[in-house]
Structure formats: structure tokens, C-alpha cells
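Remarks on the structure that follows.
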Amino acid sequence: MTESELATVADEQEVLAEIADMLAQVLEDMELTATEVGMADTFHEDLGMESIDLVMLGNLLTERYGDKVNFAEFAAELDLEAIIALTVGDLVTYIVRRLGGEEH
Amino acid sequence: MTGVAIVGMAALFPGSGNLDSYWANLCAGVDAITEVPVGRWDTTKRDHPEDAAELVYCRRGGFIDEHAEVDLTRFGIMPNSVADTEPDQLIALHVAAQAIEDSGGAERLPERDRIGVVLGRGGYIGPSMARYNQRVRIAGQLVHTLGELLPELSPAQLDKVRGAFSTQLGSNQPESAIGLIPNLAASRLANRLDLGGPAYTVDAACASSLVAVDQAIGELHSGRCDLVLAGGMHHCHDITFWSVFAQLGALSRSERIRPFHRDADGILIGEGTGVVALKRLADAERDGDRIYAVLRGSGVSSDGKGSSLLNPDHGGQVRAVRQAWERAGLDPAEPDSVGLLEAHGTATPAGDGTELATLATVFGAGEPAVIGSVKSMIGHTMPAAGIAGLIKAALAVHHRTLPPTLHCTDPHPQLAETRFRPTETARPWDADGPRRAAVNAFGFGGINAHVVLEEHAHAAARARITVTEPEQVLRLAAPDPHALAGVLDREDAEIRGTATGSGPSRLSIVDPTKKRLALARKLLGRAGDTRSWRGRNDVWFYPAPLLGDGGKLAYLFPGLEAEFTPNVEDVARRFGFTFDTGGSLVGNTGRHGHAVAQLGRSLDGVLRKIGITPDGVAGHSIGEWTAMTASGLHRAEAIDEFLDTYDPDSLRMPDVAFAAIGTSAERVREALAEHPGITLSHDNAPNQSMVCGPAAEVDAFVTEFRAHQVMCQVLPFRSGFHTPMLAPYLGPIRENADRLELHRPSVPIWSATTAEPYPESADAVRELFVRHLLEPVRFRQLITAMYQAGYRVFVQAGTGQLTSLVTDTLQDCEHLAVAASSGRRTGMAQLRRVAAAVWAAGGPDTVAALESAGTGPRHSMRLNLGSPTVALDTPTRDSLRSLLSTPRTSGLSDSSALDAVAASSPMAAEFRALLHETADTVGTVLAARQHTSPATLREFSTQLRVSVEGMPYLLDHCFFRQRADWPELADQFPVLPATTMIQHLMRLVEQAAPGRVVIGLRDVVLNRWITAIPATELPVTGRPVGDNLMEVRIGEHASLVAELAERHPAESPAAWPKPAEERAPEMTAAELYTRRWMFHGPRFQGVVELLAIGARHARAVLLTPEAPGALLDNVGQVLGYWVVATLPSRASVFPARLSRIRFHGPHPQPGKRLHCTVRITAVTDTTVVAEAQLSIDGRVWAEFGDWTDRRFDNSPQTVVVERWPERNTLSRRQNGGWVLLSEHWTDLASRELVLRNHLGLGEREEYDSLPPRERRAWLLHRIAIKDAARIWLWDNGWGPLYPAEIGVREHADGQAVVHGVCRDPLPQLDVRAAHSGEVAVAIAGPAGSDRGIGIEPVTESVAETRFTAEHPEYARVTDPWRADRDYLVTWTTDEA
């Protein structure tokens, strides 16, 4: 997928769907759990992810979006409480912003 | 009638010890029916009854055994009177007190003289009366029949039999016979709770409780009472009671109780007690009480001639029901008159049929309503049945929930003629008008009662209560995943009620919602896929067990993590430990570390208690220290002491920071080449490492990694642990580590430094302790190595993310990692998940143990609810057998013709003697030939219950003296003597090895005192370690090796010669006790004569006491006498080890005289080692080798306080009216002795709740205050005062107010105290006096300035125990 193509998919719903796929990998067989990942779900509380799970997610984000999306730096700007409260929507917004930013 | 409000309730029924769990069980539909517990009545010997009365065909019922523990000391009831008191009296007291608490507590009660008690109780025989009957009637009957059958038995022999039989029933105490009078059930309650209204019991068979409620309503309406405790009780599972119901054919032959089932075939007998607190509605509203429900009407009737005594009459029932509704001013035939009918529902065909006819007649058709009967869950609780139903109905109204009834799968056809249907599950109770319920209770002989109750009108406005049921833990097992899938192929509701089943494939689900069940079906439906599922969405599935067959379970103890959110308040409450983090801890390394360790230890205890035991332990970072204590390598106290000895903040290296790096250690190491200042501190998992280094460099390192999209987090710790940077700070740590006492671990412990099990040698362990602080944590390698060693299940004993690290390391290798605490859920909810997970992985089922834990009260006593067949204990049985067989085995009666001539003819006498001898020899030979060689030894495991009720003689083995009538027995600290424990272990070994006796013991190791309050149940395990050797362990308290043989050796060693040099003792044996050289009470006072004492020995005469182990304890007393008479200090000794004991015959009978010689073989600073012989008439009966006593701190100055604490203080009086106390106790064990000698129970709890580092100073301070107060009181004419009698309230400003505990009031005293280092000072005076005191160490500058300065009072004192330390004490008094 080229960068311009990426830009065109930088739409919240599509990013959300991609992240849901990645979460399914990280959390093992997410489709089996039939959990619908929503924008308001928190990684920690709702999805039960530990920091090491976030590392895996970060790896998948890198694979998918390359250098444009740096989850590590994104997370670094947050303090511990903000990380605990981090929602899927926060990540989606960040990714959309980063991908959109590349367009210009 | 005007309404009566239920303002308080309490319940104790099968499966639930309190109101909350009763409601939880009602909602969850818990079936509390079980087999008859052991000890109630003998269920085994009734298979071939020759008499119909013996034919009790049923073995199931409702029992409250696990809840039969009552805290009696709070009611001022002496524990030793409990055994003879009917348990229902004590249970009623306990439950009534709970009902008062539930109504808002004693302070909200109206005037005491206007409070009544009416309780339903049947006139059946209770367990205590049944035991009394055994003593009074059966004992006599037994010897009467025995005498008829064996006329050769002499009256003296028969008396022995009677005595032995009665002794098994415990000692008879005339003064407690009052506890057998039935009406005491109500009167005792009025007496103990100080209630002055009428208090009585009523008996209306199964209608008793509701008749009691009816009476209570009358007492309120007449105005005589303002509050009445009403209810009922039934605690009578006597065999006669069961027999009566069996004869009547009322007991279910299918052993199921199924109210309103088409095929219901009878009752199962239950038991229980329920009490409600009732007030006039207007009063309750005025007082702002919580109103569960309002009683609107009650009705009572008899059947008259309408029925036979056994078969109920529906006309009589109809009268009672209509009467109640009429009094309520309501029409039962209205379509929506009632939402819940709690029926009598006995599940007998006649009973159910008649009751349904009554309901059809009175209520007719109408809005569908729910019918229920709590009997389906707890059995028929007879006189308590009505209150069980009323409490259920009131809770249902209050919680707006309709609870289920069990086992009514095929409803009775007559139900169709009524408006009522049972419900299978709890459901919300929606209603337009007030929710209304009605309760039936119908008794034998045709006595009927009915009560109508409804929601309180003002309750409508309150917030809607949501139905909260405890989460169900569904467990399903099957031979393979396919079969398991079959089990899931049903309706959800059916699955939730499915029995567990068996087989290696296991599935568990916490709170099996529709979604989770769907997930489980999907999991098991995966074609050909047999992967496990490890807990996502609270579902666990393992196709084959991980545990057993080599698979092991480990506890993992977390260290410090950035997030620490222990959510264990509920667990602490249930399991009785305190856990208070005292606010945010992260960043304060010392307190954070303490809290993590405390949580780890608490969870270690909780997990073991519910039955999840580790095969090994390990820890992450400083969690490894917790693992050390969990393994037994170090004592917890020693680690606390260690943590106390250095200030972690002093180790803080300001510039050092840690960071977690979300990648492999390998990748981090590569990057470290560019960052020489930084060290790898943790290799946690393939995707997580940690580094440590100067803060700025760590920041740069982190930024670099983030740029490469690696998640990093700088952590709030600065300790520098696990890096060489700690090396310069290591001195004091190494020093303290070297001092740590090491023990043999009871569980293997693994090191994350070496990724191997800990080494064996003490030096190597100490070395590793230091390496652990300097080298990286290799957690990834540790987990890999443990997996290779067979560990499959990892339970994280704390909060944090070790489970993620384990899973990241083990990936797809089959394993389970589960956390015992999590910030996300309550502690109990999280433990429920551990229980579910461990079970699914093939572990034990611990759900029930978890849920029932801690529901009993503290300091409680177990009530004896049974009157089982009396069995003689083995020694009594054996000695009686030999006694009774004496006249017959020789085959020569004493009155033979030979006897007549033997007196006058020497030849006849000799011949007679020869005949006897020959007969004996032949008998012995024949007996030996008959004797088959005993089977090989087998492992055994059993329990030893240690309590003052079961072992009343322990009240004569208390370490600490208190006032004669002191109510808190725990303050005396009754302790199981080591020798008594040995005696019990020998008995258990002999029971496990029939035909053999213990002839010797080796390697007796005594680790810990076994205390008798609270009562403890200790596991005892035996394991053969040779043909005739059995290794026995009792918990972690002690271990020994017992040597067995078919009989004691015939030969015995020569008695030691009398030592040449010895002198007469300076005191008599009696003085040992009266002068309090020994703390032992009468039942352990077996030393009757001190013969001699020498430089290395002592000799005495012992008179065998009756208490088990007391004779051997007397040997210890003779040794103790030598120690006290010989050693100038540290003369307080307790046994620690015994290398060997040999017995050369059976234990002597009580009253037997023995000679005891003790020879001292070694004396060190910490121990005294001796050997001893016990001889009977010159023949050695027992010999002891290497009896090692441990020495504790005391001195001539302090020993007097130990012996006469009521007249002496550790503090010394100083000129100026103040006292000085210096800490002379140096080790923890000695501190414990001082503590127990000075503090009462409440104060000890206060002490325990302190952070370990604050305890020393607090104790010193507290003792000084109490001593100052006692000295002041003595000076002002007060007599002996024990330290525990002085209560202290300390205020923030340093002032302490003293008050009397459990005694006449003391004058108000103000005490001020201060301490510095190991010295405390205190000054006491009457309340309001203006006193002050201060202390500081004397330094050069202080000495110069203060001694010349003008000051009210000052003195320079030297620490009496540390001559090099001087202090300046300043004080003020208003008398000056």
C-alpha cells in the first residue's frame, strides 16, 4: 500500500477496524471472544491489556504503518494514569492525525 | 391490626452463618443438603436393624457444622462451661446479638426493661442432654448389662468400666448443669443481653416460630414491650429424633427434599436459628429504623377434630390464613393480593396436597404469584421453619427479588388449581402496589400459623436495589473435549445447574453469562483443535491436566512495580489479616516494599488455606525475599527486622533511574555498548527488559529506543538494586544478611539470579542473597528453567504483571499464569478466578473453601452438636482390656482347691506358682503364634485439633499469669506443651499402624509454639522412612521420626549411678510451683520431690499426672529447675530439639511414682543440652538423649516480673516520681515474651497492625506508660495489678489516659512518656495534673548547655543495660 493510499484510508472507522484486527492477534482469537472493540474501550480496564500487550500492539502498528505512527513516542507523552485510561479511540485519533499529517 | 416493623434480622442455617450469606444462598439457589457429618450420630452400624426404631433409612439433611462457632467471651460466658450447655442456647444468643447489631446496635435499643424475647423451640432432646443421658443413664445401663453377662467381674472392675466410659464424655461440671434447662434458650439471652421484658420459649411444633412472632406482635400491641426479639431454633439431629421421623415415614426415602414436586416423598431434617427484631411501625418510623418489611397480620389456629394427629386438615389451615388476612384488613382473593407465598412445603405427599388445597381455597385464581419453600435448600428446620421462611420473605420484599425453589422439576398437579408457581432462578420482583408476601408454618397435631408482610410504604421512594448475587463458578469436567462439548450442548440455565462431572478435560467459567457460555461452546467446537484457553473473558479450558503427573504449581511473588493497587480489603476481612497501605506508596521504596511483602505473605496464607499449595516458589526482584519467607528459608519476622535495620531512603542514589524497555535483553545489550553508564538490570521476558543508570543517560537511552518505536517507561524507583551500582552501599546489608537465621525450606525456592533452585549450604545462600542485589534479575531464564523442571501453573501472589511476563516467555507452551490480586476486581472476585483457573488446569477444587472462608466470628468456640457412640481411647481401652481379662487368662481361678491348701502347705504353694507360670508361658506362646505379622507401614494424614475445649488441661499450661478471673483466656496464652504434642503424635502413629507401638523417637524438632486460643486444626502427616520408622510432621510446627515395634523391648538399660557430688535442694518441689519457678498449673505439677542437685545434674521424684504428655513435661521441669537454680541469666528455657527418646514399656498409669535423673551435657549462650532417665522401681522406663532447651533473655531483675507481674515492673522508679525503662530484650522471641507478659489482646492487635519498624519503640513506650501508672497506683494504696488490667489511650500530643480493663474503675490518670533509642521514661499523675517529661541522648554540647541551664527538673541517667549510653531526662510536675 502506498502512502497516498494510506491517506485515503485514514478514516476513523477503517483505522478502528484495523486496530480491532491487531487486538484480535494480541489477545489471541479475538473473533472467538466476540468482543466488539469500541472507541470508548480502555486498553487496560476493558481489554485487560498489560503493558507487555501494548508492546506487542506497538510492534503490529509499526508493521502496518511504518515510521509514521510511533506508538512508543505517543505513549511516552502520557503519564501512568493517562496510559491506564487510554482508550482505543485515543489511539485511533492519534493514528488518523499522523496519517493525515503525512498527506500535506 | 396496626403494622409491626421488622427492623433487624439474623439467620444461621445450613450453608450460611449470617444474614448476608443466607440471602446470597437463597438467590443463587444453593443446595445446602449434605450427608450426616461425622460425629453427629453413628451412621455406619444401622444396616441390620432388629428393632424398627433402629431403622433410620436416611443419611442426608441440613447441617450447620461449619458455622457452629460462636464468640462467647464477648457475652461473658466462660469457655469451660460450653461443653455442657445445649448448643441451641448459645447459638440463639449469638444470632439474637447479630439481629440487634443488624437493627443498628445496642445503643439504638429502647429501654432494656421493655424488650422481650419469644423463641420457638421444640421439647426434643438436644445434643448436650443426649450426652448427659449417656453419662447418667447409659453408663449405668452398660455396667449393669456387663455385670449380668460376666458375673465374674467385681464391682471394682465394673466401676472402672463406668469411669472409663464417663471419662470419654469429658469432665462433669455440676455448675454448668443449668445449661441443660430448655427455657434457658430465651432466658440466657435476656440475661446475657440484659433485657428486662418477658423472655420465654414456645413449642408449637413446626409452627413454633410463627406462633412466637404472633406472641411478639401481641407483646408490642399490648404496650408491654417496645421491641421484641422473636424467632425460633432447632439444633437436634439426635438419632432418636431421626428415628421418630423414620418411623412416621416422614423422611424422604429418595433422600431428596422436593417441595411441590409431583413425586415428593418426604422431608430431610435441617437445623438452624433465626431471629427478627420487631417494633411497632410508628416507633420504627419515628426512630428512623431501617424497615425490612411490615407485618400486617398474623393468624393462628388448630385443626380441632378436623384431622388425625398426623394428617393435616385444610379447614384448620384455612382458618389461620384467613384470620391473618382479616387482621391485615386485606382480601386474599384480590387478584394481586400477594406476590410471594413462602409455603410450609414439607415435600410430604399429604402435607403438600393439603397446603395446596388451602391455598386454592383462600386465594383462588388471580395474578400469577410465586410459591416457594426454603426447605428445598436447607431441609425442614422444624420449630425454626417458620422463621427461616419469614426471614426469606422479608429479604425478598426488601431486595425486591423473587428467590428460587429447588428440585421442583415436575410440579405437583394441584398447583394448577392455584395462582402460584415456583421459580427456578431469582428474578426481579416488579409490582404496581406494595410488594406483599405471606408465610405458612403448620405443625404436627394440627397447629397452624400464617403471617402477612409487605414492603414499607416509604420504601418506594428509595433507590432501586439491584440484585447482586455472588458470581457462580461453573466447573465442568469430562473424559475429553468432545464429551465436554456435549455437556455444553444444552440450554444455558441447565448448564449452570449441571453437576461438575469428572474427567481430565476441564472447563471453568466465572459468572457464566450467555456470552461466556457461547464463547465456551465455540472454543470446544473448534474442529481438531485442543488448545487450552487461559482466562480471557473469565473462561478457562484445559483439554488435559497441567497439574499432577509431574506438573507443578509455583507461587510467584512480585517486587516493586509502577502500579500497586492491592484490592484486598474484603479478603483481609474474610481471612482475618490486616492490610492497610496507608495511601500512595509508589516512590517510597521502603513502605512500598513492606506493603508488597505483606500482601505477598497474606496471599500466600490465603492460597494455602483454601488448598492451593505450591510445589515451589520464586520472586521477581525483591519479591524473592517474600519467596524466601514463604519457603521457610527465613522467618517473616527476621526479614522484617532486616528491612528495619536499614533505611531504604538512605540507599537512594539520587541520580539513578530505572526504565522498562519493551524489547529483548539482547537488543538492549547491543545498544548498551553506546551507553557505558547504563546497566541491564532485568531480563524480564522476550519483549521486556529493564535498565538502570544515571537519570540523564537513561532518559537519552529511552528517547533513542522510542525513536525506534520501542515502548519505554521510566520508573519511579531509584534503589539501584540488581546492578553493580549498589556495591558501595552493600556493607550494612551484607552484615545483616550474614546474621539472618536460615532454616531448611519446606518448599523449594528458585533464584532469579541463577535461574536455578537455591543452593543447600547456608554460606551459598548468603552469598546468593548478596549477588541478587548486584546482578540482573533473569526472570525470563527463571521461568524457562522452571518450565523445564515441570512447573506449569504460576500463581502470582500479589498485583502486577508477572503473569504477562510468564506468558510472553512461555508463549504457546501449555501453562497457566494467574494473578491472586488485581486492581481491576475486588480481592474475593480475583481469588474466585484463581480457584476457577487452577481447577481447570487440573488442580484441586477450592471454590467452596474460598467462599466459606472467614464467615465465622473471630475468637470463636466450636460447639459440640453431636452425641456419637462413645468409643474408648486406645490407652484406656487397652488397660481396661487387660484389667478385665486378668481373672480369666490364667485359667486358674483364685478360688481353686489348691488355694485352700497353699496357705498351709509350702509344696502346694510352690506347685500353684508353677502352674500359674506355665499357664502364662503357654498363653504368651500361643498368643505370639496367633499374631500375624503387621502390614507394612503406610502414609497417613490426619488432623490434630488443639483447643482449650478439647484439651482443658492446657489451661494449666499457660505462659503468662493474669488475674484469677481474667475473662480473656488468650492473654494467658495456653500453649500445647511439646511433650503433649509428642504424646498425641505417638497416639496418631499407633492408630495408623495397628498392632504396633512406638518404642522410640528420633530427631524431634520443635519449631513453633502451638497455641490453643484461637483453636487450631493442624495437619498431621506420617510417611514411612524405613520398615519400622515413620516420619511425622505437624504443620510446620514440629517433626519427628517414630520407631515402631510390635512390643516394647523387654530389656532396659542400666540406671545411671548416683553422682558422687550433690547437695540437698534449697527448695521443696511444692515451692517450684508456689514460688513460680515453674508456670505450670495443677494438672502439670507432677514433680513431687526434689531429691538432689549437683553441678551437672538434678534428681527428682515424679508422680505421673493424668494430662497427656505431662509426665515427659515434668522431665523438662526438672531440667528447668537445674537451669534456674544454676544459671545466673537467660534462665528462661523452652525445649527446641530432642535427638532421641527410648521407651522400655507402656506409658505409666496416672499416679505412678517415677525417679527422674537429668544430666546436663552442654551449656551455651543460647542452649542447654541434657540427657535424662525415668525409672520405675529401679527399672529404666524411658531414656532421653540430647534434650535441647533454648534459652531466652531474662535476668534476676526481670525474672521477678515474669513470675509476679502483678507486683513488679520492668521499669525502675527514679527520684522525682518518674520511671525509666530500658529495652533488655534483644531477639524477637524474647520480645514476644515481654510483649505477651504486658499487653492484653486488644493491645496486641494494635501492635500487630503497626508497620514492623515502629513496633519496637511502640512497645517500649507502652510498657513504660503502664508501669508508671501501676507504680503510681501502688503508691496510692492499690493492690496487685497485672499489666493487662491497665488500658491506655494515647493522644496525639503525647499524653496518655489510663483506664481499667475488665475491673473496677481506676482513678483517672494522665501519663506522659518519651523515649530515645532503647530507653523510655514515663511519669504518671492524677487527671488534670500538669506533667511533662522528655529524654535525649547526652552529647558533649547537651551536657554543657543543659546542665548549667535553669530547668525545672533534670537528671542524667545511664542506660542500665548499656553502660556507655547516657541520657538527659527533663520533667515537670505540679507538685514541685
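Identifiers for the C-alpha cells are assigned positionally: chains receive A, B, ... in sequence, residues are indexed from 1 per chain, and ligands are indexed from 1 in the order shown.
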
Selection: 10 Å around Leu805 of chain B, only C-alpha atoms, excl. self and same-chain fewer than 6 positions, as number ranges by chain: A: 50-53; B: 684-688, 779-780, 783, 811, 817

Just to be explicit: take each residue in the selection above, keep N, CA and C atoms, and write the result as a compact mmCIF listing (two decimals), in the first residue's frame.
# COMPACT_ATOMS: atom_id res chain seq x y z
N GLU A 50 -2.02 -5.75 29.56
CA GLU A 50 -0.90 -5.34 30.39
C GLU A 50 0.07 -4.58 29.50
N SER A 51 1.09 -3.99 30.12
CA SER A 51 1.99 -3.17 29.34
C SER A 51 2.68 -3.99 28.25
N ILE A 52 2.89 -5.28 28.58
CA ILE A 52 3.60 -6.09 27.59
C ILE A 52 2.71 -6.35 26.36
N ASP A 53 1.40 -6.37 26.58
CA ASP A 53 0.48 -6.50 25.44
C ASP A 53 0.57 -5.25 24.56
N ASN B 684 13.34 -9.57 31.74
CA ASN B 684 12.04 -9.98 32.24
C ASN B 684 11.34 -11.00 31.35
N ALA B 685 11.39 -10.75 30.04
CA ALA B 685 10.64 -11.57 29.10
C ALA B 685 11.16 -11.22 27.71
N PRO B 686 10.79 -12.00 26.70
CA PRO B 686 11.30 -11.70 25.36
C PRO B 686 10.99 -10.28 24.92
N ASN B 687 9.91 -9.71 25.41
CA ASN B 687 9.55 -8.36 25.00
C ASN B 687 9.67 -7.34 26.11
N GLN B 688 10.40 -7.66 27.17
CA GLN B 688 10.59 -6.64 28.19
C GLN B 688 11.91 -6.80 28.94
N PHE B 779 14.55 -13.11 35.00
CA PHE B 779 13.23 -13.70 35.19
C PHE B 779 12.85 -14.60 34.01
N ARG B 780 13.22 -14.18 32.80
CA ARG B 780 12.90 -14.98 31.61
C ARG B 780 13.56 -16.36 31.72
N ILE B 783 11.84 -18.51 34.45
CA ILE B 783 10.57 -19.13 34.06
C ILE B 783 10.83 -20.29 33.09
N GLN B 811 4.87 -18.39 25.86
CA GLN B 811 4.11 -18.35 24.60
C GLN B 811 3.13 -19.51 24.48
N ALA B 817 -0.97 -18.90 33.90
CA ALA B 817 -0.44 -17.84 34.76
C ALA B 817 -1.63 -17.01 35.21

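Near chain B, within 6 Å and counting only C-alpha atoms, the residues of chain A are A:Thr33, A:Val55, A:Asn70, A:Ala72, A:Glu73.
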
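The protein and nucleic acid residues lying at most 6 Å from Ala343 of chain B are Gly372, Ser373, Val439 and Asn440 of chain B, with only C-alpha atoms considered and sequence neighbours fewer than 6 positions away removed.
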
Spatial neighbours of segment 84-95 of chain A, max dist 8 Å, only C-alpha atoms, sep filter under 3 positions, as a ChimeraX atom specification: /A:10,12,15-16,19,37-45,69,80-81,98-99

Contacts of Arg1159 of chain B at 7 Å (only C-alpha atoms; same-chain gap of 3+ positions) as a ChimeraX atom specification: /B:1096-1098,1170-1172

Picked from segment 56-237 of chain B by DSSP as strand (DSSP E), as a ChimeraX atom specification: /B:60-62,69-70,115-120,199-202,227-234

Near-Ser81 of chain B list (8 Å; only C-alpha atoms; drop same-chain fewer than 3 positions) as a list in words: Ile77, Met78, Asp84, Thr85, Gln173 and Ser176 of chain B

Contacts of Leu1221 of chain B within 12 Å, only C-alpha atoms, excl. fewer than 4 positions in-chain, as a ChimeraX atom specification: /B:1198,1209-1214,1225,1257,1259-1268,1313-1323,1335,1357-1361

Atomic distance atom CA of Ser243 of chain B - atom CA of Leu26 of chain B, expressed in Å with one decimal: 29.4 Å

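You will find atom CA of Ala186 of chain B at 5.5 Å from atom CA of Ala199 of chain B.
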
Test item, helix (DSSP H, G or I) assignment across segment 96-283 of chain B, answer as a VMD selection string: chain B and resid 96 to 102 106 to 108 112 to 114 127 to 149 155 to 168 174 to 180 184 to 192 208 to 221 239 to 247 281 to 283

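Taking atom CA of Trp1009 of chain B and atom CA of Ala627 of chain B as endpoints, the distance between them is 23.0 Å.
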